[in-house]
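This is input-v8.pdb. It holds PDB, C-alpha atoms.
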```pdb
ATOM      1  CA  MET A 480       6.263   8.770   5.460
ATOM      2  CA  ALA A 481       3.629  10.972   7.096
ATOM      3  CA  LEU A 482       0.225  11.527   5.531
ATOM      4  CA  GLU A 483       0.833  15.146   4.580
ATOM      5  CA  ALA A 484       0.338  17.452   1.617
ATOM      6  CA  GLN A 485       3.905  16.817   0.407
ATOM      7  CA  SER A 486       3.211  13.091   0.075
ATOM      8  CA  PHE A 487       0.228  13.618  -2.239
ATOM      9  CA  CYS A 488       0.679  12.544  -5.868
ATOM     10  CA  ARG A 489      -1.831  13.249  -8.627
ATOM     11  CA  PHE A 490      -2.618  10.763 -11.412
ATOM     12  CA  SER A 491      -5.163  12.925 -13.232
ATOM     13  CA  PRO A 492      -7.296  16.053 -12.576
ATOM     14  CA  HIS A 493      -9.600  14.209 -10.164
ATOM     15  CA  ILE A 494      -7.605  11.186  -8.927
ATOM     16  CA  GLY A 495      -4.527  10.964  -6.699
ATOM     17  CA  PHE A 496      -3.078   9.271  -3.656
ATOM     18  CA  PHE A 497      -1.065   9.818  -0.519
ATOM     19  CA  ARG A 498       2.152   7.820  -0.637
ATOM     20  CA  HIS A 499       2.270   6.044   2.714
ATOM     21  CA  ARG A 500       3.105   2.702   4.335
ATOM     22  CA  THR A 501      -0.489   1.943   3.317
ATOM     23  CA  ASN A 502      -1.346   4.117   0.324
ATOM     24  CA  VAL A 503      -4.527   6.202   0.577
ATOM     25  CA  GLY A 504      -6.413   7.027  -2.615
ATOM     26  CA  VAL A 505      -8.155  10.352  -3.153
ATOM     27  CA  ILE A 506     -11.090  10.877  -5.526
ATOM     28  CA  GLU A 507     -12.075  14.508  -6.094
ATOM     29  CA  ALA A 508     -15.691  14.350  -7.210
ATOM     30  CA  GLU A 509     -17.804  17.414  -7.926
ATOM     31  CA  ALA A 510     -19.789  16.800  -4.759
ATOM     32  CA  GLY A 511     -16.714  16.392  -2.549
ATOM     33  CA  LEU A 512     -13.869  14.035  -1.633
ATOM     34  CA  TYR A 513     -13.779  10.257  -1.337
ATOM     35  CA  LEU A 514     -10.895   8.308   0.164
ATOM     36  CA  VAL A 515      -9.880   4.804  -0.853
ATOM     37  CA  ASP A 516      -8.810   3.389   2.537
ATOM     38  CA  CYS A 517      -7.695   5.736   5.287
ATOM     39  CA  GLY A 518      -4.660   4.529   7.220
ATOM     40  CA  GLU A 519      -4.141   2.897  10.567
ATOM     41  CA  GLY A 520      -5.508   4.978  13.440
ATOM     42  CA  ASP A 521      -6.129   8.385  14.999
ATOM     43  CA  THR A 522      -2.702   9.780  14.065
ATOM     44  CA  ASP A 523      -3.195   8.868  10.409
ATOM     45  CA  GLY A 524      -6.722  10.268  10.528
ATOM     46  CA  ALA A 525      -5.553  13.611  11.956
ATOM     47  CA  GLU A 526      -2.746  13.886   9.401
ATOM     48  CA  LEU A 527      -5.158  13.109   6.575
ATOM     49  CA  LEU A 528      -7.603  15.823   7.610
ATOM     50  CA  THR A 529      -4.818  18.421   7.841
ATOM     51  CA  ALA A 530      -3.494  17.457   4.406
ATOM     52  CA  LEU A 531      -6.956  17.461   2.810
ATOM     53  CA  LYS A 532      -7.716  20.938   4.175
ATOM     54  CA  THR A 533      -4.450  22.184   2.679
ATOM     55  CA  LEU A 534      -4.912  20.551  -0.720
ATOM     56  CA  PHE A 535      -8.688  20.813  -1.115
ATOM     57  CA  PRO A 536      -9.835  23.745   1.059
ATOM     58  CA  GLN A 537     -13.216  24.020  -0.675
ATOM     59  CA  LYS A 538     -14.070  20.329  -0.615
ATOM     60  CA  LYS A 539     -15.652  18.297   2.185
ATOM     61  CA  LEU A 540     -14.927  14.643   2.842
ATOM     62  CA  ILE A 541     -18.013  12.690   1.818
ATOM     63  CA  ALA A 542     -17.013   9.075   2.428
ATOM     64  CA  VAL A 543     -14.240   6.563   3.020
ATOM     65  CA  LEU A 544     -14.343   3.568   0.674
ATOM     66  CA  ASN A 545     -12.638   0.842   2.704
ATOM     67  CA  THR A 546     -11.366  -1.994   0.514
ATOM     68  CA  HIS A 547     -11.273  -4.422   3.451
ATOM     69  CA  GLY A 548     -11.293  -4.603   7.216
ATOM     70  CA  HIS A 549      -7.602  -4.777   8.131
ATOM     71  CA  PRO A 550      -6.642  -1.935  10.492
ATOM     72  CA  ASP A 551      -3.818  -0.545   8.346
ATOM     73  CA  HIS A 552      -6.498   0.175   5.713
ATOM     74  CA  SER A 553      -9.563   1.079   7.763
ATOM     75  CA  GLY A 554      -8.246   1.944  11.234
ATOM     76  CA  ALA A 555      -8.675   5.719  10.843
ATOM     77  CA  SER A 556     -12.356   5.372   9.915
ATOM     78  CA  TRP A 557     -13.621   6.181  13.407
ATOM     79  CA  TYR A 558     -11.505   9.338  13.674
ATOM     80  CA  LEU A 559     -12.587  10.630  10.265
ATOM     81  CA  ARG A 560     -16.255   9.896  10.937
ATOM     82  CA  GLU A 561     -16.110  11.602  14.347
ATOM     83  CA  HIS A 562     -14.387  14.748  13.040
ATOM     84  CA  THR A 563     -16.117  15.226   9.677
ATOM     85  CA  GLY A 564     -19.369  13.295   9.772
ATOM     86  CA  CYS A 565     -18.319  11.458   6.608
ATOM     87  CA  SER A 566     -19.846   8.108   5.707
ATOM     88  CA  ILE A 567     -17.879   4.904   6.167
ATOM     89  CA  LEU A 568     -18.480   2.299   3.461
ATOM     90  CA  ALA A 569     -17.057  -1.208   3.147
ATOM     91  CA  PRO A 570     -17.845  -4.606   1.614
ATOM     92  CA  LYS A 571     -20.465  -6.485   3.628
ATOM     93  CA  LYS A 572     -18.227  -9.084   5.311
ATOM     94  CA  GLU A 573     -15.412  -6.575   5.852
ATOM     95  CA  SER A 574     -17.801  -4.279   7.735
ATOM     96  CA  ILE A 575     -17.988  -6.857  10.508
ATOM     97  CA  PHE A 576     -14.304  -6.356  11.339
ATOM     98  CA  ILE A 577     -14.453  -2.554  11.165
ATOM     99  CA  GLU A 578     -17.358  -2.569  13.606
ATOM    100  CA  ASN A 579     -15.848  -5.370  15.751
ATOM    101  CA  PRO A 580     -12.052  -5.111  15.402
ATOM    102  CA  ASP A 581     -11.419  -7.600  18.217
ATOM    103  CA  LEU A 582     -12.690 -10.353  15.901
ATOM    104  CA  LEU A 583      -9.563  -9.950  13.777
ATOM    105  CA  THR A 584      -7.277 -11.022  16.582
ATOM    106  CA  VAL A 585      -9.518 -13.999  17.274
ATOM    107  CA  ILE A 586      -8.938 -15.086  13.655
ATOM    108  CA  TYR A 587      -5.188 -14.519  13.840
ATOM    109  CA  TRP A 588      -4.776 -16.362  17.131
ATOM    110  CA  GLY A 589      -7.549 -18.914  16.746
ATOM    111  CA  GLY A 590      -9.032 -18.105  20.168
ATOM    112  CA  ARG A 591      -9.173 -15.383  22.765
ATOM    113  CA  PRO A 592      -6.084 -13.201  22.093
ATOM    114  CA  PHE A 593      -3.528 -12.344  24.777
ATOM    115  CA  ARG A 594      -2.781  -8.689  25.535
ATOM    116  CA  GLU A 595       0.219  -8.283  23.189
ATOM    117  CA  LEU A 596      -2.112  -8.915  20.256
ATOM    118  CA  ARG A 597      -4.418  -6.069  21.265
ATOM    119  CA  GLN A 598      -2.364  -3.457  19.416
ATOM    120  CA  PRO A 599      -3.105  -1.379  16.271
ATOM    121  CA  VAL A 600      -1.070  -3.571  13.909
ATOM    122  CA  PHE A 601      -3.501  -6.410  14.661
ATOM    123  CA  GLU A 602      -6.618  -4.599  15.858
ATOM    124  CA  ALA A 603      -8.027  -1.110  15.172
ATOM    125  CA  GLN A 604      -8.020   1.398  18.040
ATOM    126  CA  HIS A 605     -11.778   1.989  17.886
ATOM    127  CA  PRO A 606     -14.822   0.128  16.622
ATOM    128  CA  CYS A 607     -16.469   2.187  13.891
ATOM    129  CA  THR A 608     -20.031   2.066  12.609
ATOM    130  CA  VAL A 609     -20.188   1.281   8.898
ATOM    131  CA  ASP A 610     -22.877   3.339   7.195
ATOM    132  CA  GLY A 611     -23.360   1.282   4.074
ATOM    133  CA  THR A 612     -22.166  -1.558   1.886
ATOM    134  CA  LEU A 613     -19.958  -0.767  -1.075
ATOM    135  CA  SER A 614     -22.114  -1.335  -4.148
ATOM    136  CA  ASP A 615     -20.971  -2.057  -7.685
ATOM    137  CA  GLN A 616     -20.982   1.695  -8.350
ATOM    138  CA  PRO A 617     -20.562   3.521  -5.022
ATOM    139  CA  VAL A 618     -20.071   7.036  -6.449
ATOM    140  CA  ASP A 619     -22.409   8.677  -8.966
ATOM    141  CA  ASP A 620     -20.769  11.922 -10.036
ATOM    142  CA  ALA A 621     -20.208  14.068 -13.112
ATOM    143  CA  ALA A 622     -16.421  14.159 -12.627
ATOM    144  CA  VAL A 623     -15.596  10.502 -12.034
ATOM    145  CA  ASP A 624     -16.882   6.998 -12.638
ATOM    146  CA  VAL A 625     -16.184   4.659  -9.693
ATOM    147  CA  ARG A 626     -16.667   0.898  -9.659
ATOM    148  CA  CYS A 627     -15.944  -1.891  -7.179
ATOM    149  CA  ILE A 628     -14.203  -5.052  -8.367
ATOM    150  CA  PRO A 629     -14.293  -8.147  -6.084
ATOM    151  CA  LEU A 630     -10.728  -9.187  -5.151
ATOM    152  CA  PRO A 631     -10.959 -11.832  -2.397
ATOM    153  CA  GLY A 632      -8.116 -14.079  -1.285
ATOM    154  CA  HIS A 633      -6.109 -11.751   0.914
ATOM    155  CA  PHE A 634      -9.214 -11.354   3.047
ATOM    156  CA  TYR A 635     -12.865 -12.392   2.980
ATOM    157  CA  ASP A 636     -14.660  -9.782   0.894
ATOM    158  CA  GLN A 637     -11.891  -7.447  -0.292
ATOM    159  CA  VAL A 638     -12.627  -5.195  -3.267
ATOM    160  CA  GLY A 639     -10.569  -3.032  -5.580
ATOM    161  CA  ILE A 640     -11.727   0.441  -6.604
ATOM    162  CA  LEU A 641     -11.583   1.282 -10.324
ATOM    163  CA  VAL A 642     -11.874   5.009 -11.017
ATOM    164  CA  LYS A 643     -12.201   6.725 -14.393
ATOM    165  CA  ASP A 644     -11.537  10.453 -14.581
ATOM    166  CA  LYS A 645     -14.123  11.875 -16.966
ATOM    167  CA  ALA A 646     -11.922  14.925 -17.587
ATOM    168  CA  ASN A 647      -9.308  12.967 -19.567
ATOM    169  CA  GLY A 648     -10.374   9.302 -19.464
ATOM    170  CA  HIS A 649      -7.486   8.213 -17.220
ATOM    171  CA  ARG A 650      -8.325   5.042 -15.287
ATOM    172  CA  VAL A 651      -6.766   4.181 -11.924
ATOM    173  CA  PHE A 652      -7.259   0.780 -10.322
ATOM    174  CA  PHE A 653      -6.702   0.802  -6.551
ATOM    175  CA  VAL A 654      -6.082  -2.931  -6.054
ATOM    176  CA  ALA A 655      -5.740  -2.930  -2.227
ATOM    177  CA  ASP A 656      -3.844  -6.050  -1.070
ATOM    178  CA  ALA A 657      -4.822  -8.159  -4.072
ATOM    179  CA  PHE A 658      -1.185  -8.068  -5.069
ATOM    180  CA  PHE A 659       1.942  -6.625  -3.497
ATOM    181  CA  GLY A 660       4.780  -4.437  -4.669
ATOM    182  CA  ILE A 661       8.268  -5.853  -5.073
ATOM    183  CA  SER A 662       9.615  -4.230  -1.885
ATOM    184  CA  ILE A 663       6.899  -5.887   0.216
ATOM    185  CA  LEU A 664       7.526  -9.284  -1.348
ATOM    186  CA  ARG A 665      11.243  -8.976  -0.672
ATOM    187  CA  LYS A 666      10.639  -7.912   2.931
ATOM    188  CA  TYR A 667       7.907 -10.342   3.939
ATOM    189  CA  TRP A 668       8.241 -13.145   1.337
ATOM    190  CA  ILE A 669       5.022 -14.818   2.517
ATOM    191  CA  PRO A 670       2.423 -12.022   2.627
ATOM    192  CA  TYR A 671      -0.715 -12.586   4.638
ATOM    193  CA  MET A 672      -3.561 -14.233   2.755
ATOM    194  CA  GLN A 673      -6.585 -16.302   3.611
ATOM    195  CA  ASP A 674      -6.912 -18.332   0.428
ATOM    196  CA  GLU A 675      -4.069 -18.433  -2.067
ATOM    197  CA  ALA A 676      -6.263 -19.971  -4.771
ATOM    198  CA  LEU A 677      -8.688 -17.031  -4.541
ATOM    199  CA  PHE A 678      -5.678 -14.705  -4.356
ATOM    200  CA  ARG A 679      -4.454 -16.043  -7.702
ATOM    201  CA  GLU A 680      -7.925 -15.636  -9.219
ATOM    202  CA  SER A 681      -7.999 -12.010  -8.052
ATOM    203  CA  VAL A 682      -4.580 -11.399  -9.594
ATOM    204  CA  GLN A 683      -5.970 -12.736 -12.885
ATOM    205  CA  ARG A 684      -8.984 -10.445 -12.529
ATOM    206  CA  ILE A 685      -6.660  -7.464 -12.131
ATOM    207  CA  GLU A 686      -4.752  -8.502 -15.244
ATOM    208  CA  LYS A 687      -8.017  -8.612 -17.213
ATOM    209  CA  THR A 688      -9.172  -5.189 -15.994
ATOM    210  CA  PRO A 689      -7.974  -2.387 -18.289
ATOM    211  CA  ALA A 690      -6.506   0.639 -16.531
ATOM    212  CA  ASP A 691      -3.801   3.226 -17.102
ATOM    213  CA  THR A 692      -2.433   3.050 -13.562
ATOM    214  CA  TYR A 693      -2.523   0.241 -10.993
ATOM    215  CA  LEU A 694      -1.831   1.038  -7.355
ATOM    216  CA  PRO A 695      -1.341  -1.663  -4.708
ATOM    217  CA  ALA A 696      -1.880  -0.539  -1.133
ATOM    218  CA  HIS A 697       1.720  -1.471  -0.371
ATOM    219  CA  GLY A 698       3.937  -0.504  -3.281
ATOM    220  CA  GLU A 699       4.409   1.926  -6.124
ATOM    221  CA  PRO A 700       1.996   2.811  -8.942
ATOM    222  CA  SER A 701       2.624   1.011 -12.202
ATOM    223  CA  GLY A 702       1.482   0.928 -15.790
ATOM    224  CA  ARG A 703       0.012  -2.117 -17.455
ATOM    225  CA  GLU A 704       3.281  -3.834 -18.427
ATOM    226  CA  THR A 705       4.812  -3.448 -14.971
ATOM    227  CA  MET A 706       1.554  -4.578 -13.377
ATOM    228  CA  GLN A 707       1.573  -7.746 -15.466
ATOM    229  CA  ALA A 708       5.131  -8.537 -14.350
ATOM    230  CA  LEU A 709       4.190  -7.923 -10.708
ATOM    231  CA  ALA A 710       1.050 -10.025 -11.093
ATOM    232  CA  GLU A 711       3.118 -12.914 -12.431
ATOM    233  CA  LEU A 712       5.555 -12.573  -9.530
ATOM    234  CA  ASN A 713       2.721 -12.541  -6.964
ATOM    235  CA  THR A 714       1.293 -15.695  -8.542
ATOM    236  CA  ILE A 715       4.660 -17.465  -8.684
ATOM    237  CA  ILE A 716       5.306 -16.747  -5.001
ATOM    238  CA  THR A 717       2.130 -18.593  -3.978
ATOM    239  CA  TYR A 718       3.187 -21.671  -5.968
ATOM    240  CA  GLU A 719       6.707 -21.464  -4.541
ATOM    241  CA  THR A 720       5.261 -21.431  -1.029
ATOM    242  CA  GLU A 721       3.112 -24.471  -1.796
ATOM    243  CA  ASP A 722       6.127 -26.245  -3.276
ATOM    244  CA  LEU A 723       8.236 -25.466  -0.192
ATOM    245  CA  ILE A 724       5.508 -26.803   2.101
ATOM    246  CA  LEU A 725       5.387 -30.055   0.120
ATOM    247  CA  LYS A 726       9.179 -30.426   0.150
ATOM    248  CA  LEU A 727       9.302 -29.959   3.921
ATOM    249  CA  LEU A 728       6.436 -32.371   4.534
ATOM    250  CA  LYS A 729       8.048 -35.023   2.312
ATOM    251  CA  LYS A 730      10.994 -35.137   4.726
ATOM    252  CA  GLN A 731       8.702 -35.920   7.634
ATOM    253  CA  PRO A 732       5.125 -35.222   8.794
ATOM    254  CA  LEU A 733       4.947 -31.916  10.675
ATOM    255  CA  THR A 734       2.561 -30.090  12.971
ATOM    256  CA  GLN A 735       1.586 -26.562  12.000
ATOM    257  CA  GLU A 736       4.002 -25.082  14.556
ATOM    258  CA  GLU A 737       6.834 -27.294  13.314
ATOM    259  CA  LEU A 738       6.087 -26.306   9.723
ATOM    260  CA  LEU A 739       6.231 -22.607  10.653
ATOM    261  CA  LYS A 740       9.696 -23.068  12.159
ATOM    262  CA  GLU A 741      10.943 -25.051   9.154
ATOM    263  CA  VAL A 742       9.667 -22.418   6.718
ATOM    264  CA  ALA A 743      11.189 -19.549   8.711
ATOM    265  CA  ASP A 744      14.511 -21.383   9.043
ATOM    266  CA  TYR A 745      14.550 -22.077   5.299
ATOM    267  CA  ALA A 746      13.902 -18.400   4.515
ATOM    268  CA  GLY A 747      16.414 -17.159   7.088
ATOM    269  CA  ILE A 748      13.711 -15.248   8.966
ATOM    270  CA  ARG A 749      14.227 -14.553  12.661
ATOM    271  CA  MET A 750      10.604 -14.096  13.522
ATOM    272  CA  LYS A 751       9.143 -11.674  16.027
ATOM    273  CA  LEU A 752       5.631 -11.900  17.411
ATOM    274  CA  GLY A 753       3.952 -10.287  14.405
ATOM    275  CA  GLN A 754       5.567 -12.700  11.959
ATOM    276  CA  VAL A 755       4.834 -15.722  14.142
ATOM    277  CA  ILE A 756       1.159 -14.764  14.194
ATOM    278  CA  LEU A 757       0.669 -13.620  10.585
ATOM    279  CA  ILE A 758       2.925 -16.119   8.793
ATOM    280  CA  GLY A 759       1.566 -18.887  11.004
ATOM    281  CA  CYS A 760      -2.008 -17.918  10.140
ATOM    282  CA  THR A 761      -1.111 -17.771   6.443
ATOM    283  CA  LEU A 762       0.559 -21.202   6.482
ATOM    284  CA  ARG A 763      -2.526 -22.708   8.114
ATOM    285  CA  ALA A 764      -4.581 -21.195   5.287
ATOM    286  CA  TYR A 765      -2.194 -22.739   2.748
ATOM    287  CA  LEU A 766      -2.576 -26.152   4.393
ATOM    288  CA  SER A 767      -6.369 -25.872   4.239
ATOM    289  CA  CYS A 768      -6.364 -24.874   0.579
ATOM    290  CA  MET A 769      -3.817 -27.529  -0.345
ATOM    291  CA  TYR A 770      -5.834 -30.169   1.522
ATOM    292  CA  ASN A 771      -9.005 -29.131  -0.337
ATOM    293  CA  ARG A 772      -7.112 -29.504  -3.623
ATOM    294  CA  GLY A 773      -5.755 -32.946  -2.715
ATOM    295  CA  LEU A 774      -2.116 -31.919  -2.267
ATOM    296  CA  VAL A 775      -1.746 -32.727   1.444
ATOM    297  CA  VAL A 776      -3.468 -34.880   4.041
ATOM    298  CA  PHE A 777      -3.480 -34.906   7.823
ATOM    299  CA  GLU A 778      -3.580 -37.480  10.566
ATOM    300  CA  VAL A 779      -3.890 -37.364  14.333
ATOM    301  CA  THR A 780      -1.092 -39.434  15.886
ATOM    302  CA  ASP A 781      -0.030 -39.459  19.538
ATOM    303  CA  ASN A 782      -2.317 -36.470  20.162
ATOM    304  CA  ARG A 783      -0.592 -34.447  17.398
ATOM    305  CA  LEU A 784      -2.216 -33.133  14.218
ATOM    306  CA  LEU A 785       0.358 -34.005  11.553
ATOM    307  CA  TRP A 786       0.415 -32.902   7.921
ATOM    308  CA  LYS A 787       2.045 -34.821   5.082
ATOM    309  CA  PRO A 788       1.880 -34.932   1.266
ATOM    310  CA  ALA A 789      -1.100 -36.702  -0.249
ATOM    311  CA  PRO A 790      -0.233 -40.038  -1.884
ATOM    312  CA  GLY A 791       0.805 -39.427  -5.471
ATOM    313  CA  SER A 792       0.988 -35.642  -5.085
ATOM    314  CA  SER A 793       3.580 -34.288  -7.515
ATOM    315  CA  GLY A 794       3.309 -30.567  -6.769
ATOM    316  CA  PRO A 795       0.979 -27.564  -6.839
ATOM    317  CA  LEU A 796       1.129 -26.885 -10.575
ATOM    318  CA  SER A 797      -0.152 -30.357 -11.408
ATOM    319  CA  SER A 798      -3.289 -30.104  -9.258
TER
END
```
For this file, produce the structure as structure tokens.
Amino acid sequence: MALEAQSFCRFSPHIGFFRHRTNVGVIEAEAGLYLVDCGEGDTDGAELLTALKTLFPQKKLIAVLNTHGHPDHSGASWYLREHTGCSILAPKKESIFIENPDLLTVIYWGGRPFRELRQPVFEAQHPCTVDGTLSDQPVDDAAVDVRCIPLPGHFYDQVGILVKDKANGHRVFFVADAFFGISILRKYWIPYMQDEALFRESVQRIEKTPADTYLPAHGEPSGRETMQALAELNTIITYETEDLILKLLKKQPLTQEELLKEVADYAGIRMKLGQVILIGCTLRAYLSCMYNRGLVVFEVTDNRLLWKPAPGSSGPLSS
């Protein structure tokens, strides 16, 4: 779906979002407009500006509040800054990747990336200067109250944006990639994350944060009851992945590459490059977290780094 006026949905007088492959939040403050994330690249940036001029002809874009540094969330920052002069804000560690997008592919690949990884899905089109760090309260305005909530786990320093509309009290929590909608979980099964233990803690933080509407970056808006069901599902999926890893390693010690193949075969996934890179990176993160929690151990045998269950390990829920 294009980022156009027809895709805009309003939650309350001053809060809405563009329904997109990566949802973009809109905060209409008295002083002007704020975006929560901004899409992938120049095309998304151009579509956003056209839509904003149609919907809010009297309002200027003041700032983009980037929840984290992945290019599907922050990749249009450069275009918007160049064409409007708006400020680009992001959490401190996430700013590094917006200003140096090539570092993302180094993380994904674990070394200097080859040319097929230098594409917008992995790396933003342009480096973009970040003008400031997202504070606890990044917007001070008579129309809205805006707060940042730390939600790490998916990525280093990710935040959610909690917005209260002072016109009617409606609260919207833009939760970024701190949990995923059901369609994304069905499609990808193992969503990208850096630390599944921190991911679970962030899901719990979302559950404890009162709001009227919760909006993941990839998925549909939900009320509190639906959010709680989704939160439980997101948590369960991380434990299921840990359990699968342990079951596969109990059959025989595996290298990281061998584990990736076994997991994909089990799930019936015929991987392409993007899945090899992102699922592989995620599984390595799982192994690190599980090792730190005493669930798995490694050994170097015949010049191979092999992973296997820790002695006496009975499963992720018991750790």
Take the point (5.0, -14.7, 11.2) as written in the file and pick out every residue within 12 Å of it, counting all atoms listed in the file; give the list as an MDAnalysis selection string.
-> chainID A and resid 587:588 667:671 736 738:740 742:744 746 748:763
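The residue set within 9 Å of A:Asn579, counting all atoms listed in the file and dropping same-chain residues fewer than 6 places from it, reads Ala603, His605, Pro606 and Cys607 of chain A.
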Might you pull out every residue within 8 Å of A:Ala657, with all atoms listed in the file counted and same-chain residues fewer than 4 positions away left off, and present them as a PyMOL selection string?
-> chain A and resi 630-633+639+678+681-682+695
Do you know which residues the PyMOL selection byres ((chain A and resi 637) around 9) returns on this file, as number ranges by chain?
-> A: 545-548, 569-570, 572-573, 628-636, 638-639, 655-657
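Across the model, the gap from atom CA of A:Gly564 to atom CA of A:Ala508 is 17.4 Å.
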Nearest-residue call for A:Asp551, choices A:Leu784, A:Ala696, A:Leu774, A:Val505, using all atoms listed in the file =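 Closest candidate: A:Ala696.
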Can you work out which one of A:Gly554, A:Ala510, A:Leu766, A:Thr717 has the shortest atom-to-atom distance to A:Leu677, counting only C-alpha atoms?
->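 With only C-alpha atoms as the atom set, the closest residue is A:Thr717.
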Applied to this file, what does the PyMOL selection byres ((chain A and resi 786) around 8) return in terms of residues, put as a VMD selection string?
-> chain A and resid 728 732 to 735 775 to 778 784 to 785 787 to 788
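Rounded to one decimal, atom CA of A:Arg650 and atom CA of A:Phe487 lie 17.8 Å from each other.
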Between atom CA of A:Tyr558 and atom CA of A:Pro592, distance in Å (one decimal) = 24.7 Å
Give as an NGL selection string the residues that the PyMOL selection byres ((chain A and resi 529) around 12) matches when applied to the coordinates above.
-> :A and (481-485 or 522-528 or 530-536 or 540 or 559 or 562-563)
Taking all atoms of stretch 677-687 of chain A that appear in the file, build a box with edges along x, y and z, extend it by 3 Å on every side, and state its centre and edge lengths in Å to one decimal, as JSON.
```
{"center_x": -6.7, "center_y": -12.2, "center_z": -10.8, "size_x": 10.5, "size_y": 15.6, "size_z": 18.9}
```
Within 7 Å of A:Phe659, counting all atoms listed in the file, which residues qualify if same-chain residues fewer than 4 places away don't, as a PyMOL selection string?
-> chain A and resi 663-664+695+697-698+713
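For A:Leu712, the list of residues within 10 Å, based on only C-alpha atoms and with local chain neighbours fewer than 3 positions off taken out, reads Phe658, Phe659, Gly660, Ile661, Leu664, Met706, Gln707, Ala708, Leu709, Ile715, Ile716 and Thr717 of chain A.
Comparing the minimum interatomic distances between A:Thr608 and each of A:Gly518, A:Gly773, A:Gly590, A:Pro580, counting only C-alpha atoms, we find that A:Pro580 sits nearest.
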Please provide the set of residues having any atom within 9 Å of A:Thr612, restricted to all atoms listed in the file, with same-chain residues fewer than 5 positions apart removed, written as JSON, numbers by chain.
-> {"A": [567, 568, 569, 570, 571, 574, 617]}
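You can rank A:Met769, A:Cys627, A:Ile506, A:Ala622 by their closest distance to A:Ala646 using only C-alpha atoms, and at the top of that list sits A:Ala622.
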